[in-house]
Amino acid sequence: MSPKIESHLQEERVFSPDPEFSAQARISSLAQYKKLYRQSIQQPDVFWSKEASELAWRKPWSQVLDWKAPFAKWFVGAKLNVAENCVDRHARSHRRNKAAIIFEGEPGDQRVITYAQLEREVNRFANVLEKQGVKAKDRVLIYMPMIPEAAIAMLACARIGAVHSVVFGGFSADSIVDRLEDSGASLIVTADGGWRRGKIVPLKENVDAALEKYSHVRKVIVFRRCGQPVSMTPDRDLWWHEEVEQVKSSHKAKAFDSEHPLFILYTSGSTGKPKGILHTSGGYLTGTYTTFKYIFDIREEDVYWCTADVGWITGHSYIVYGPLANGATQVMYEGAPNHPDFGRFWKIIEQHGVSIFYTAPTAIRAFIKAGDHYPANHDLSSLRLLGSVGEPINPEAWMWYHKHIGGKRCPIVDTWWQTETGAIMLTPLPGCTPTKPGTVTLPFFGVDAAIFDENGKECAPNEGGKLVIRQPWPSMARSIYGDKARYQKTYWSDYKGIYTAGDGARRDQDGNFWIVGRIDDVLNVSGHRLGTAEVESSLVAHPAVAEAAVVGRPDDLKGQAVVCFVTLKESHQPSDDLLQALRQHVGKSIGAIAKPDDLYFAPALPKTRSGKIMRRLLKELVTHGKITGNVTTLDDVNVIANLAACMKSTT
Ligand code: WT7
């Protein structure tokens, strides 16, 4: 039996939306929300077809939903072009010369791209891809810095029906290899590098290293961002700027089926192999369009800024597809929040008049640590709405965000969702939902969320359990790429026909959801998912390592820190050098975010009689410094004393 999920947080402070904000909001009272929510659950077809009809379809649907759990088809029979919805239709409207992207590079360079310009750029790049032989459903791997060309490359893929798979620029060459192998991509779009804390991230070099291990990539298109010399392999590597010169800025977009695959995005699970989450076109676009519209209550004159990277789902849904489908103006920033210092974000907000700001708790905690004077030195009065995403926001961080960034006047939308859900699922609506620090409050329209106990019974108020979604929604993942069985097993096997998110949560007496955190072997490091099994596999691949167990430890800044227990092979001895070598090894094989924060050389790991590593005990040990939990299933109780000793000796 798995231990009960407990949630201890008590929070009494309630913040109701400002009447002035409510007055002009799309949803301006809780009664209005409740009515529309009830309708959206009782008649999802009616709600979603109304929302979807605000998009441009080339052919209407014959049926809103075809649901054979766990496989959904939304807007059956309909055809559309996703890029046309995000770009062309605005470029042909009053938004033609409206800024789509206000870009700021880390070194301080700025560019404004209007919808009309974005249309030409996307068209050109679509032509380049087609010229290189990319066809509908072909996979294109995108490994780019946070520059407009990342979005342009994604939209160009969407335009021609190619499937993009964006790999976060912080991931290593080995991570690229895994994703190439799984997706079967034949073309890569990258850059010479990107700026991060004043240094160049060597993106092209990483691609070159990856391609030594994977030979099915025909072409690599390289955007020149930093200008440093990079090696270009003849016949394989092409410069972006040279290619776009040779093609037209017009491109006739074909229409694709509503269920045509749009992208694959890899995310961590409880096994070593990342899962390629597959999203399709019509439903995903409807979900991101609708959530962005209501949750950020977007206005024509808003300047929106989401600080995520396009390499994560937040960047896909709330930098590229959601905002652009709404014809919004947004800021895109390339670099680190603390370059040259912790005032950078506030300077950007002041300079560009940002009105909606969407960031992550890990960033907020880093700002708190850096000091209140950074935001205080800037005029943040343009802000009217704040958002948070990626992990539970601690009430103290929420209060700081409210006071020091929002000037006590901006509503905060704490949005819960996942790579798999495609769009925000649990969230306040800024004009109507009373918020309390730490709760993601209520479900979005059409989201039938609940808390279940082990037997599939809905939990009583304030009783902890598993967060589930009982009805399909348009932006839901369609599968794990190439592995329907794993998709079914991972998300749909706890309760029949019901989606299990993998998060523990409770619902309070007012119906608000409080997220406790992951219940599987997945860590949340700085708002990013990291499978303990991935780090363990990486460690075990090192020649000195016999066995490894990885757990999370609470960390003030990162949310969770990566703690590793490593058993060495007989032929190797613990040493400082080996410790450093193992940290580097993990960094190289996965990426810097996975680098162990603590690493202990343990003579043995705690195991059950059947040989299962008891990570629960290790977690207790690193969190509380001792083990008080049940150890009766432990094979050898002496292991515990040895572990405590090894933690002293290795630090
Ligand atoms: C996991 C999904 C969705 C974009 C970023 C992460 C955690 C996400 C919240 C929130 C508490 C949150 C959950 C979830 N999470 N948002 N507002 N409050 N926890 O996407 O990498 O797919 O991770 O992030 O544990 O399952 P992801």
# chains A, B, ... in the order shown; residues from 1 in each chain; ligands from 1
call {"tool": "residues_around", "arguments": {"residues": "Trp305 of chain A", "least_positions_apart": "4", "cutoff": "6 Å", "atoms": "only C-alpha atoms", "output": "tab-separated table (two decimals) with C-alpha atoms, in the first residue's frame"}}
result
chain	number	residue	atom	x	y	z
A	330	GLN	CA	4.72	39.84	-26.49
A	331	VAL	CA	8.22	40.35	-25.20
A	357	PHE	CA	3.99	38.85	-16.68
call {"tool": "residues_around", "arguments": {"residues": "Lys248 of chain A", "least_positions_apart": "5", "cutoff": "10 Å", "atoms": "only C-alpha atoms", "output": "list of chain:residue names"}}
result
A:Arg120, A:Glu121, A:Asn123, A:Arg124, A:Phe125, A:Ala126, A:Asn127, A:Val128
call {"tool": "closest_residue", "arguments": {"among": "A:Gly531, A:Pro361, A:Gly327, A:Pro606", "to": "Asp556 of chain A", "atoms": "only C-alpha atoms"}}
result
A:Pro361
call {"tool": "select_by_dssp", "arguments": {"residues": "segment 64-235 of chain A", "states": "strand (DSSP E or B)", "output": "JSON, numbers by chain"}}
result
{"A": [64, 65, 66, 67, 68, 71, 72, 73, 74, 75, 76, 79, 80, 99, 100, 101, 102, 103, 104, 110, 111, 112, 113, 114, 139, 140, 141, 142, 143, 163, 164, 165, 166, 171, 187, 188, 189, 190, 191, 194, 195, 196, 199, 200, 201, 219, 220, 221, 222, 223]}
call {"tool": "residues_around", "arguments": {"residues": "Phe71 of chain A", "least_positions_apart": "3", "cutoff": "10 Å", "atoms": "only C-alpha atoms", "output": "list in words"}}
result
Asp66, Trp67, Lys68, Pro472, Met476, Ala477, Arg478, Ser479, Lys484, Tyr487, Gln488 and Gly497 of chain A
call {"tool": "write_last_selection", "arguments": {"atoms": "C-alpha atoms", "output": "CSV table (one decimal), in the first residue's frame"}}
result
chain,number,residue,atom,x,y,z
A,66,ASP,CA,-14.7,11.1,-30.8
A,67,TRP,CA,-13.7,9.5,-27.5
A,68,LYS,CA,-12.5,6.0,-27.3
A,472,PRO,CA,-11.2,14.5,-22.2
A,476,MET,CA,-4.8,16.7,-24.2
A,477,ALA,CA,-1.8,14.7,-25.4
A,478,ARG,CA,-2.8,12.1,-28.0
A,479,SER,CA,-0.1,9.6,-27.2
A,484,LYS,CA,0.5,3.9,-27.3
A,487,TYR,CA,0.7,6.2,-22.9
A,488,GLN,CA,-2.2,4.0,-21.7
A,497,GLY,CA,-11.1,6.0,-18.6
call {"tool": "closest_residue", "arguments": {"among": "A:Phe452, A:Tyr481, A:Phe445, A:Tyr266", "to": "ligand 1", "atoms": "only C-alpha atoms and all ligand atoms"}}
result
A:Tyr266
call {"tool": "closest_residue", "arguments": {"among": "A:Val167, A:Ala604, A:Val177, A:Leu467", "to": "ligand 1", "atoms": "only C-alpha atoms and all ligand atoms"}}
result
A:Leu467
